[in-house]
Amino acid sequence: MAATRNRTPPEAVAEEAVAGALAAAGVAPGETVCVALSGGVDSTVLLHSLARLRGRGGFTLVAAHVHHGLSAHADAWLEACRAACDALGVVFHPFRVQVRCDDPAGLEAAARVARHAALARVPCDWLAFGHHQDDQAETLMFRLLRGAGVRGAAGMMAVEPGMPGRLRPLLGLRRAHVVAYARAHGLTWVEDESNADERFARNLLRHRVMPVLEDAFPAAVPALARASAQFREADVLLGELAQLDQAACGGAALERKQLLGLSDERVRNLLRWRIRAMGLEAPARARLVEAVRQLRVAPEEPLRLPLGGVACCAYRGRLWLEAEAEIPVPQATVWHGEAELPWGAGKVVFVEAVGEGLSRAALERAQEVLLGPRWAGLALREGAGRPRRSFKNLCQEAGIPSWLRDSLPVLRVDGAAAWVGEIGTAAEFRCAPGEPGVVPTWEH
Ligand SMILES: Nc1ncnc2c1ncn2[C@@H]1O[C@H](COP(=O)(O)OP(=O)(O)OP(=O)(O)O)[C@@H](O)[C@H]1O
């Protein structure tokens, strides 16, 4: 096997790799493959090799370039990409995006988000990227040096099924093979001047650190690429473990006792997985360590532990995650009989009824009907002959955690509580059978 490879010219290695990736992905005749074309050597080689293979593969090849407007050369890059496509008879989709220079995520990350959003608009079955093995190894090193966990260290995949699927046909190839292909075919490409700027940590790693590493460990790049594939597998397994643990803990609202029966590592893994499923970044490990510590110290207390963007809430036997945003206390408003009134991020809807809800006559007799938050001393009698219960008791019984209580809507009729959202109506305001009534509902 090694002997065959040694005899194969480097540029042919690239072509074989691309053909192999198409076969592995199952790219079918009639499908459309779109090359994400930056104009750099990697995606230019990808475009050229796919153009050579399209007759045999029967797929349609198109290309897309995203103009970020960040470099003085951006217009020239776009034109170079257009020219490369024209020369190969490939349909070209140019996109211009706006990147906010003050984006809190950083310029590079903002450009990446805008680029991927633009590429997602190309009608195609597959989006093909020019990443190669050196990119894979550098990305792993870079992330490890920033303290990545298993997810961060998990490498890119050569084939990611989806709509469209993603292909990285050059992922198994060294950068040298890609450049050899470009030279052998007399290709021209653009050089992004920012790739040479060693003020960017990523470039410093590529130009200074990786060569030293490879001198000392000649197989460093393929070894790092293999390691990133192992991390990917481990990440998949951690996701599967989280799913099993969630199911064993009762599903979305987790059973606190069951959860605390797991090891700290598994609790953190499950929380991390759930947070990512909400589309958020997993919190720093130290924050999760502290959250699990607090859950164990006070296994029965109501808790709302901020984890950065998300809060881990525990109340009675349940534990769940919710957006960390402060829960605003809405202002009181007079109710004049409107069908609905806004309440926080939701609304309170008043539906006409007969023999149900609050007595319309009692509401009409009142001097003032207010929709507002709870007040000190609020109490409510739920049934005739039953004792008046404090707001705190009512909330405890209804399982409403302390941090949500200020945001419950209360209908206050001449100073008395007639209805409390999530709790119910006061006996003295309830309408009799056959009497016209109003049923308030908090929609949130
Ligand atoms: N401006 C662009 N327009 C279209 N495709 C691009 C552009 N820039 C990069 N790409 C595609 O993305 C691949 C990787 O590019 P690069 O290494 O610069 O980005 P990255 O930020 O490391 O990767 P990623 O965007 O996947 O996170 C390129 O080989 C190319 O296929």
# chains A, B, ... in the order shown; residues from 1 in each chain; ligands from 1
>>> closest_atom_pairs(of="chain A", to="ligand 1", cutoff="9 Å", atoms="only C-alpha atoms and all ligand atoms", output="JSON lines")
{"residue": "A:Val35", "atom": "CA", "partner": "ligand 1", "partner_atom_place_in_ligand_line": "31 (O)", "distance": 6.5}
{"residue": "A:Ala36", "atom": "CA", "partner": "ligand 1", "partner_atom_place_in_ligand_line": "5 (N)", "distance": 3.7}
{"residue": "A:Leu37", "atom": "CA", "partner": "ligand 1", "partner_atom_place_in_ligand_line": "5 (N)", "distance": 4.2}
{"residue": "A:Ser38", "atom": "CA", "partner": "ligand 1", "partner_atom_place_in_ligand_line": "7 (C)", "distance": 3.8}
{"residue": "A:Gly39", "atom": "CA", "partner": "ligand 1", "partner_atom_place_in_ligand_line": "2 (C)", "distance": 7.5}
{"residue": "A:Gly40", "atom": "CA", "partner": "ligand 1", "partner_atom_place_in_ligand_line": "29 (O)", "distance": 7.2}
{"residue": "A:Val41", "atom": "CA", "partner": "ligand 1", "partner_atom_place_in_ligand_line": "29 (O)", "distance": 8.1}
{"residue": "A:Asp42", "atom": "CA", "partner": "ligand 1", "partner_atom_place_in_ligand_line": "29 (O)", "distance": 5.4}
{"residue": "A:Ser43", "atom": "CA", "partner": "ligand 1", "partner_atom_place_in_ligand_line": "29 (O)", "distance": 4.7}
{"residue": "A:Thr44", "atom": "CA", "partner": "ligand 1", "partner_atom_place_in_ligand_line": "29 (O)", "distance": 8.3}
{"residue": "A:Leu46", "atom": "CA", "partner": "ligand 1", "partner_atom_place_in_ligand_line": "31 (O)", "distance": 8.1}
{"residue": "A:Ala63", "atom": "CA", "partner": "ligand 1", "partner_atom_place_in_ligand_line": "4 (C)", "distance": 8.3}
{"residue": "A:Ala64", "atom": "CA", "partner": "ligand 1", "partner_atom_place_in_ligand_line": "4 (C)", "distance": 5.7}
{"residue": "A:His65", "atom": "CA", "partner": "ligand 1", "partner_atom_place_in_ligand_line": "3 (N)", "distance": 3.8}
{"residue": "A:Val66", "atom": "CA", "partner": "ligand 1", "partner_atom_place_in_ligand_line": "3 (N)", "distance": 3.8}
{"residue": "A:His67", "atom": "CA", "partner": "ligand 1", "partner_atom_place_in_ligand_line": "1 (N)", "distance": 5.6}
{"residue": "A:His68", "atom": "CA", "partner": "ligand 1", "partner_atom_place_in_ligand_line": "1 (N)", "distance": 6.7}
{"residue": "A:Ala74", "atom": "CA", "partner": "ligand 1", "partner_atom_place_in_ligand_line": "1 (N)", "distance": 8.7}
{"residue": "A:Trp77", "atom": "CA", "partner": "ligand 1", "partner_atom_place_in_ligand_line": "1 (N)", "distance": 8.5}
{"residue": "A:Leu78", "atom": "CA", "partner": "ligand 1", "partner_atom_place_in_ligand_line": "1 (N)", "distance": 8.4}
{"residue": "A:Pro94", "atom": "CA", "partner": "ligand 1", "partner_atom_place_in_ligand_line": "3 (N)", "distance": 8.4}
{"residue": "A:Phe95", "atom": "CA", "partner": "ligand 1", "partner_atom_place_in_ligand_line": "3 (N)", "distance": 8.2}
{"residue": "A:Glu108", "atom": "CA", "partner": "ligand 1", "partner_atom_place_in_ligand_line": "21 (O)", "distance": 7.4}
{"residue": "A:Ala109", "atom": "CA", "partner": "ligand 1", "partner_atom_place_in_ligand_line": "21 (O)", "distance": 7.6}
{"residue": "A:Ala111", "atom": "CA", "partner": "ligand 1", "partner_atom_place_in_ligand_line": "21 (O)", "distance": 8.4}
{"residue": "A:Arg112", "atom": "CA", "partner": "ligand 1", "partner_atom_place_in_ligand_line": "25 (O)", "distance": 5.3}
{"residue": "A:Val113", "atom": "CA", "partner": "ligand 1", "partner_atom_place_in_ligand_line": "25 (O)", "distance": 8.0}
{"residue": "A:Arg115", "atom": "CA", "partner": "ligand 1", "partner_atom_place_in_ligand_line": "2 (C)", "distance": 6.6}
{"residue": "A:His116", "atom": "CA", "partner": "ligand 1", "partner_atom_place_in_ligand_line": "25 (O)", "distance": 7.0}
{"residue": "A:Ala118", "atom": "CA", "partner": "ligand 1", "partner_atom_place_in_ligand_line": "4 (C)", "distance": 8.9}
{"residue": "A:Leu119", "atom": "CA", "partner": "ligand 1", "partner_atom_place_in_ligand_line": "4 (C)", "distance": 7.3}
{"residue": "A:Leu127", "atom": "CA", "partner": "ligand 1", "partner_atom_place_in_ligand_line": "31 (O)", "distance": 8.7}
{"residue": "A:Ala128", "atom": "CA", "partner": "ligand 1", "partner_atom_place_in_ligand_line": "31 (O)", "distance": 6.4}
{"residue": "A:Phe129", "atom": "CA", "partner": "ligand 1", "partner_atom_place_in_ligand_line": "31 (O)", "distance": 3.4}
{"residue": "A:Gly130", "atom": "CA", "partner": "ligand 1", "partner_atom_place_in_ligand_line": "29 (O)", "distance": 3.2}
{"residue": "A:His131", "atom": "CA", "partner": "ligand 1", "partner_atom_place_in_ligand_line": "29 (O)", "distance": 4.9}
{"residue": "A:His132", "atom": "CA", "partner": "ligand 1", "partner_atom_place_in_ligand_line": "29 (O)", "distance": 8.1}
{"residue": "A:Asp135", "atom": "CA", "partner": "ligand 1", "partner_atom_place_in_ligand_line": "17 (O)", "distance": 6.9}
{"residue": "A:Thr139", "atom": "CA", "partner": "ligand 1", "partner_atom_place_in_ligand_line": "22 (O)", "distance": 7.9}
{"residue": "A:Met156", "atom": "CA", "partner": "ligand 1", "partner_atom_place_in_ligand_line": "26 (O)", "distance": 8.5}
{"residue": "A:Arg168", "atom": "CA", "partner": "ligand 1", "partner_atom_place_in_ligand_line": "31 (O)", "distance": 8.3}
{"residue": "A:Asp192", "atom": "CA", "partner": "ligand 1", "partner_atom_place_in_ligand_line": "18 (O)", "distance": 8.9}
{"residue": "A:Asn195", "atom": "CA", "partner": "ligand 1", "partner_atom_place_in_ligand_line": "18 (O)", "distance": 8.6}
>>> select_by_dssp(residues="stretch 119-332 of chain A", states="helix (DSSP H, G or I)", output="ChimeraX atom specification")
/A:119,133-145,150-153,175-184,193-196,201-216,220-248,256-260,264-277,285-297
>>> write_last_selection(atoms="C-alpha atoms", output="mmCIF file, in the first residue's frame")
data_model
loop_
_atom_site.group_PDB
_atom_site.id
_atom_site.type_symbol
_atom_site.label_atom_id
_atom_site.label_comp_id
_atom_site.auth_asym_id
_atom_site.auth_seq_id
_atom_site.Cartn_x
_atom_site.Cartn_y
_atom_site.Cartn_z
ATOM 1 C CA LEU A 119 -23.517 29.796 1.813
ATOM 2 C CA GLN A 133 -5.259 17.678 7.230
ATOM 3 C CA ASP A 134 -2.970 20.524 8.275
ATOM 4 C CA ASP A 135 -6.075 22.642 9.029
ATOM 5 C CA GLN A 136 -7.459 19.797 11.119
ATOM 6 C CA ALA A 137 -4.223 19.434 13.109
ATOM 7 C CA GLU A 138 -3.777 23.179 13.601
ATOM 8 C CA THR A 139 -7.364 23.585 14.731
ATOM 9 C CA LEU A 140 -6.909 20.859 17.343
ATOM 10 C CA MET A 141 -3.659 22.400 18.627
ATOM 11 C CA PHE A 142 -5.192 25.852 18.696
ATOM 12 C CA ARG A 143 -8.236 24.704 20.606
ATOM 13 C CA LEU A 144 -6.291 22.579 23.082
ATOM 14 C CA LEU A 145 -4.074 25.547 23.820
ATOM 15 C CA VAL A 150 -13.902 17.019 24.124
ATOM 16 C CA ARG A 151 -16.411 18.886 21.947
ATOM 17 C CA GLY A 152 -13.921 21.635 21.060
ATOM 18 C CA ALA A 153 -11.215 19.089 20.281
ATOM 19 C CA ARG A 175 -1.220 20.923 2.513
ATOM 20 C CA ALA A 176 1.850 19.963 0.406
ATOM 21 C CA HIS A 177 -0.276 17.623 -1.720
ATOM 22 C CA VAL A 178 -2.813 20.351 -2.323
ATOM 23 C CA VAL A 179 -0.138 22.823 -3.399
ATOM 24 C CA ALA A 180 1.507 20.168 -5.600
ATOM 25 C CA TYR A 181 -1.812 19.651 -7.381
ATOM 26 C CA ALA A 182 -2.213 23.396 -7.934
ATOM 27 C CA ARG A 183 1.313 23.676 -9.368
ATOM 28 C CA ALA A 184 0.984 20.566 -11.562
ATOM 29 C CA GLU A 193 -2.580 38.782 3.344
ATOM 30 C CA SER A 194 -4.090 38.327 6.812
ATOM 31 C CA ASN A 195 -2.934 34.667 6.770
ATOM 32 C CA ALA A 196 0.654 35.902 7.124
ATOM 33 C CA ALA A 201 -2.504 33.518 17.247
ATOM 34 C CA ARG A 202 -3.692 31.056 14.635
ATOM 35 C CA ASN A 203 -1.094 32.251 12.113
ATOM 36 C CA LEU A 204 1.654 32.221 14.712
ATOM 37 C CA LEU A 205 0.820 28.596 15.394
ATOM 38 C CA ARG A 206 0.852 27.742 11.685
ATOM 39 C CA HIS A 207 4.058 29.524 10.752
ATOM 40 C CA ARG A 208 6.178 29.200 13.884
ATOM 41 C CA VAL A 209 4.961 26.400 16.130
ATOM 42 C CA MET A 210 3.863 23.694 13.689
ATOM 43 C CA PRO A 211 7.166 23.615 11.758
ATOM 44 C CA VAL A 212 9.124 23.153 15.012
ATOM 45 C CA LEU A 213 6.708 20.480 16.129
ATOM 46 C CA GLU A 214 7.028 18.636 12.839
ATOM 47 C CA ASP A 215 10.809 18.785 13.003
ATOM 48 C CA ALA A 216 10.719 17.033 16.346
ATOM 49 C CA ALA A 220 2.712 15.258 14.199
ATOM 50 C CA VAL A 221 0.088 16.447 11.697
ATOM 51 C CA PRO A 222 -1.480 13.065 10.835
ATOM 52 C CA ALA A 223 -1.231 12.065 14.506
ATOM 53 C CA LEU A 224 -3.088 15.203 15.612
ATOM 54 C CA ALA A 225 -5.678 14.657 12.893
ATOM 55 C CA ARG A 226 -6.207 11.091 14.172
ATOM 56 C CA ALA A 227 -6.533 12.387 17.710
ATOM 57 C CA SER A 228 -9.212 14.857 16.634
ATOM 58 C CA ALA A 229 -11.166 11.981 15.077
ATOM 59 C CA GLN A 230 -10.930 10.117 18.412
ATOM 60 C CA PHE A 231 -12.227 13.189 20.229
ATOM 61 C CA ARG A 232 -15.144 13.322 17.815
ATOM 62 C CA GLU A 233 -16.057 9.730 18.647
ATOM 63 C CA ALA A 234 -15.776 10.461 22.346
ATOM 64 C CA ASP A 235 -18.039 13.477 21.892
ATOM 65 C CA VAL A 236 -20.686 11.353 20.186
ATOM 66 C CA LEU A 237 -20.529 8.883 23.072
ATOM 67 C CA LEU A 238 -20.886 11.667 25.652
ATOM 68 C CA GLY A 239 -23.999 12.852 23.812
ATOM 69 C CA GLU A 240 -25.436 9.343 23.886
ATOM 70 C CA LEU A 241 -24.660 9.014 27.591
ATOM 71 C CA ALA A 242 -26.400 12.339 28.255
ATOM 72 C CA GLN A 243 -29.474 11.115 26.405
ATOM 73 C CA LEU A 244 -29.570 7.909 28.445
ATOM 74 C CA ASP A 245 -29.087 9.825 31.705
ATOM 75 C CA GLN A 246 -31.817 12.287 30.802
ATOM 76 C CA ALA A 247 -34.252 9.467 30.087
ATOM 77 C CA ALA A 248 -33.333 7.764 33.377
ATOM 78 C CA ARG A 256 -33.480 16.015 41.177
ATOM 79 C CA LYS A 257 -32.909 12.963 43.325
ATOM 80 C CA GLN A 258 -32.172 10.709 40.386
ATOM 81 C CA LEU A 259 -29.847 13.291 38.886
ATOM 82 C CA LEU A 260 -27.888 13.668 42.099
ATOM 83 C CA ASP A 264 -20.518 14.696 39.232
ATOM 84 C CA GLU A 265 -19.019 14.078 35.806
ATOM 85 C CA ARG A 266 -22.278 12.698 34.457
ATOM 86 C CA VAL A 267 -24.339 15.518 35.934
ATOM 87 C CA ARG A 268 -22.022 18.062 34.309
ATOM 88 C CA ASN A 269 -22.093 16.143 31.025
ATOM 89 C CA LEU A 270 -25.889 16.123 31.045
ATOM 90 C CA LEU A 271 -26.132 19.842 31.871
ATOM 91 C CA ARG A 272 -23.585 20.680 29.156
ATOM 92 C CA TRP A 273 -25.501 18.619 26.620
ATOM 93 C CA ARG A 274 -28.826 20.214 27.574
ATOM 94 C CA ILE A 275 -27.365 23.729 27.339
ATOM 95 C CA ARG A 276 -25.987 23.020 23.860
ATOM 96 C CA ALA A 277 -29.370 21.621 22.843
ATOM 97 C CA ARG A 285 -16.056 23.867 33.495
ATOM 98 C CA ALA A 286 -15.444 25.780 36.746
ATOM 99 C CA ARG A 287 -18.987 27.166 36.634
ATOM 100 C CA LEU A 288 -20.478 23.715 36.178
ATOM 101 C CA VAL A 289 -18.309 22.305 38.965
ATOM 102 C CA GLU A 290 -19.630 25.015 41.288
ATOM 103 C CA ALA A 291 -23.245 24.475 40.209
ATOM 104 C CA VAL A 292 -23.073 20.745 40.896
ATOM 105 C CA ARG A 293 -21.428 21.450 44.256
ATOM 106 C CA GLN A 294 -24.286 23.760 45.220
ATOM 107 C CA LEU A 295 -26.883 21.232 44.082
ATOM 108 C CA ARG A 296 -25.302 18.637 46.348
ATOM 109 C CA VAL A 297 -24.912 20.961 49.340
#
>>> residues_around(residues="stretch 375-385 of chain A", least_positions_apart="5", cutoff="7 Å", atoms="only C-alpha atoms", output="ChimeraX atom specification")
/A:390-391,417,425-427
>>> atom_distance(atom1="atom CA of A:Ala110", atom2="atom CA of A:Thr32")
27.7 Å
>>> residues_around(residues="stretch 19-22 of chain A", least_positions_apart="2", cutoff="12 Å", atoms="only C-alpha atoms", output="ChimeraX atom specification")
/A:12-17,24-29,31-33,46,49-59,126-129,157-160,165-173
>>> write_last_selection(atoms="N, CA and C atoms", output="CSV table (one decimal), in the first residue's frame")
chain,number,residue,atom,x,y,z
A,12,ALA,N,-1.8,13.5,-8.1
A,12,ALA,CA,-2.8,12.5,-8.3
A,12,ALA,C,-3.4,12.0,-7.0
A,13,VAL,N,-2.6,12.1,-5.9
A,13,VAL,CA,-3.1,11.8,-4.6
A,13,VAL,C,-4.3,12.6,-4.3
A,14,ALA,N,-4.2,13.9,-4.6
A,14,ALA,CA,-5.3,14.9,-4.4
A,14,ALA,C,-6.6,14.4,-5.1
A,15,GLU,N,-6.4,14.1,-6.4
A,15,GLU,CA,-7.6,13.8,-7.2
A,15,GLU,C,-8.2,12.5,-6.7
A,16,GLU,N,-7.4,11.5,-6.4
A,16,GLU,CA,-7.9,10.3,-5.8
A,16,GLU,C,-8.7,10.5,-4.5
A,17,ALA,N,-8.2,11.4,-3.7
A,17,ALA,CA,-8.8,11.7,-2.4
A,17,ALA,C,-10.2,12.3,-2.6
A,24,ALA,N,-17.6,8.1,-0.9
A,24,ALA,CA,-17.9,7.8,0.5
A,24,ALA,C,-19.2,8.6,0.9
A,25,ALA,N,-19.4,9.8,0.4
A,25,ALA,CA,-20.5,10.6,0.8
A,25,ALA,C,-21.8,10.1,0.0
A,26,GLY,N,-21.5,9.3,-1.1
A,26,GLY,CA,-22.7,8.9,-1.9
A,26,GLY,C,-23.2,10.0,-2.7
A,27,VAL,N,-22.4,10.9,-3.2
A,27,VAL,CA,-22.9,12.0,-4.1
A,27,VAL,C,-23.4,11.3,-5.4
A,28,ALA,N,-24.7,11.5,-5.7
A,28,ALA,CA,-25.4,10.8,-6.7
A,28,ALA,C,-25.4,11.6,-8.0
A,29,PRO,N,-25.5,10.9,-9.2
A,29,PRO,CA,-25.7,11.7,-10.4
A,29,PRO,C,-26.9,12.5,-10.3
A,31,GLU,N,-27.2,15.3,-8.6
A,31,GLU,CA,-27.1,16.1,-7.4
A,31,GLU,C,-26.2,17.4,-7.7
A,32,THR,N,-26.4,18.4,-6.9
A,32,THR,CA,-25.6,19.6,-7.1
A,32,THR,C,-24.6,19.8,-6.0
A,33,VAL,N,-23.3,19.9,-6.4
A,33,VAL,CA,-22.3,20.2,-5.4
A,33,VAL,C,-21.8,21.6,-5.5
A,46,LEU,N,-9.8,22.3,-4.9
A,46,LEU,CA,-11.1,21.6,-4.8
A,46,LEU,C,-12.0,21.8,-6.0
A,49,SER,N,-10.5,20.0,-9.1
A,49,SER,CA,-10.5,18.6,-9.1
A,49,SER,C,-12.0,18.1,-9.3
A,50,LEU,N,-12.9,18.8,-8.7
A,50,LEU,CA,-14.3,18.5,-8.8
A,50,LEU,C,-14.8,18.7,-10.3
A,51,ALA,N,-14.3,19.7,-10.9
A,51,ALA,CA,-14.6,20.0,-12.3
A,51,ALA,C,-14.2,18.8,-13.2
A,52,ARG,N,-13.0,18.3,-12.8
A,52,ARG,CA,-12.5,17.2,-13.6
A,52,ARG,C,-13.3,15.9,-13.4
A,53,LEU,N,-13.9,15.8,-12.2
A,53,LEU,CA,-14.6,14.6,-11.9
A,53,LEU,C,-16.1,14.6,-12.2
A,54,ARG,N,-16.6,15.8,-12.5
A,54,ARG,CA,-18.1,15.9,-12.7
A,54,ARG,C,-18.7,15.1,-13.8
A,55,GLY,N,-17.9,14.9,-14.9
A,55,GLY,CA,-18.4,14.2,-16.0
A,55,GLY,C,-18.6,12.7,-15.6
A,56,ARG,N,-17.6,12.2,-14.9
A,56,ARG,CA,-17.7,10.8,-14.4
A,56,ARG,C,-18.7,10.6,-13.4
A,57,GLY,N,-18.8,11.6,-12.5
A,57,GLY,CA,-19.8,11.5,-11.3
A,57,GLY,C,-21.2,11.9,-11.7
A,58,GLY,N,-21.4,12.6,-12.8
A,58,GLY,CA,-22.7,13.0,-13.2
A,58,GLY,C,-23.4,14.0,-12.3
A,59,PHE,N,-22.6,14.7,-11.5
A,59,PHE,CA,-23.2,15.7,-10.6
A,59,PHE,C,-23.0,17.1,-11.2
A,126,TRP,N,-24.9,19.5,-1.7
A,126,TRP,CA,-23.7,19.4,-0.9
A,126,TRP,C,-22.9,20.7,-1.0
A,127,LEU,N,-22.4,21.1,0.1
A,127,LEU,CA,-21.5,22.3,0.2
A,127,LEU,C,-20.1,21.7,0.4
A,128,ALA,N,-19.1,22.0,-0.4
A,128,ALA,CA,-17.8,21.4,-0.3
A,128,ALA,C,-16.8,22.5,0.2
A,129,PHE,N,-16.0,22.2,1.2
A,129,PHE,CA,-15.0,23.1,1.8
A,129,PHE,C,-13.6,22.6,1.5
A,157,MET,N,-15.5,16.8,10.1
A,157,MET,CA,-15.8,15.5,9.5
A,157,MET,C,-15.7,15.7,8.0
A,158,ALA,N,-15.2,14.6,7.3
A,158,ALA,CA,-15.1,14.7,5.8
A,158,ALA,C,-16.5,14.7,5.2
A,159,VAL,N,-17.4,14.0,5.8
A,159,VAL,CA,-18.8,14.0,5.3
A,159,VAL,C,-19.8,14.3,6.4
A,160,GLU,N,-20.6,15.3,6.3
A,160,GLU,CA,-21.6,15.6,7.3
A,160,GLU,C,-23.0,15.5,6.5
A,165,GLY,N,-25.8,18.6,2.7
A,165,GLY,CA,-24.7,18.0,3.4
A,165,GLY,C,-23.4,18.8,3.2
A,166,ARG,N,-22.4,18.4,4.0
A,166,ARG,CA,-21.2,19.1,3.9
A,166,ARG,C,-20.1,18.1,3.6
A,167,LEU,N,-19.2,18.5,2.7
A,167,LEU,CA,-18.1,17.7,2.3
A,167,LEU,C,-16.8,18.4,2.5
A,168,ARG,N,-15.8,17.7,3.0
A,168,ARG,CA,-14.4,18.2,3.1
A,168,ARG,C,-13.5,17.2,2.4
A,169,PRO,N,-13.5,17.2,1.1
A,169,PRO,CA,-12.8,16.1,0.4
A,169,PRO,C,-11.3,16.1,0.5
A,170,LEU,N,-10.7,17.2,1.0
A,170,LEU,CA,-9.3,17.3,1.1
A,170,LEU,C,-8.8,17.0,2.5
A,171,LEU,N,-9.8,16.6,3.4
A,171,LEU,CA,-9.4,16.5,4.8
A,171,LEU,C,-8.3,15.5,5.1
A,172,GLY,N,-8.2,14.5,4.3
A,172,GLY,CA,-7.2,13.5,4.6
A,172,GLY,C,-5.8,13.8,3.9
A,173,LEU,N,-5.7,15.0,3.3
A,173,LEU,CA,-4.5,15.3,2.5
A,173,LEU,C,-3.7,16.4,3.2
>>> residues_around(residues="A:Ala398", least_positions_apart="4", cutoff="10 Å", atoms="only C-alpha atoms", output="mmCIF file with N, CA and C atoms, in the first residue's frame")
data_model
loop_
_atom_site.group_PDB
_atom_site.id
_atom_site.type_symbol
_atom_site.label_atom_id
_atom_site.label_comp_id
_atom_site.auth_asym_id
_atom_site.auth_seq_id
_atom_site.Cartn_x
_atom_site.Cartn_y
_atom_site.Cartn_z
ATOM 1 N N LYS A 392 -47.512 33.057 49.569
ATOM 2 C CA LYS A 392 -46.388 32.125 49.646
ATOM 3 C C LYS A 392 -46.879 30.666 49.712
ATOM 4 N N ASN A 393 -47.886 30.449 50.571
ATOM 5 C CA ASN A 393 -48.429 29.085 50.687
ATOM 6 C C ASN A 393 -49.046 28.605 49.381
ATOM 7 N N LEU A 394 -49.800 29.526 48.756
ATOM 8 C CA LEU A 394 -50.450 29.162 47.489
ATOM 9 C C LEU A 394 -49.403 28.780 46.442
ATOM 10 N N GLU A 422 -51.761 31.006 37.271
ATOM 11 C CA GLU A 422 -51.184 29.698 37.663
ATOM 12 C C GLU A 422 -51.751 29.169 38.969
ATOM 13 N N ILE A 423 -52.553 30.017 39.699
ATOM 14 C CA ILE A 423 -53.075 29.550 40.989
ATOM 15 C C ILE A 423 -54.600 29.384 40.932
ATOM 16 N N GLY A 424 -55.337 30.450 40.610
ATOM 17 C CA GLY A 424 -56.780 30.285 40.475
ATOM 18 C C GLY A 424 -57.553 31.500 40.948
#
>>> atom_distance(atom1="atom CA of A:Arg430", atom2="atom CA of A:Val329")
26.6 Å
>>> closest_residue(among="A:Leu305, A:Leu61, A:Ala284, A:Ala219", to="A:Ala148", atoms="only C-alpha atoms")
A:Ala284
>>> atom_distance(atom1="atom CA of A:Trp335", atom2="atom CA of A:Leu411")
8.7 Å
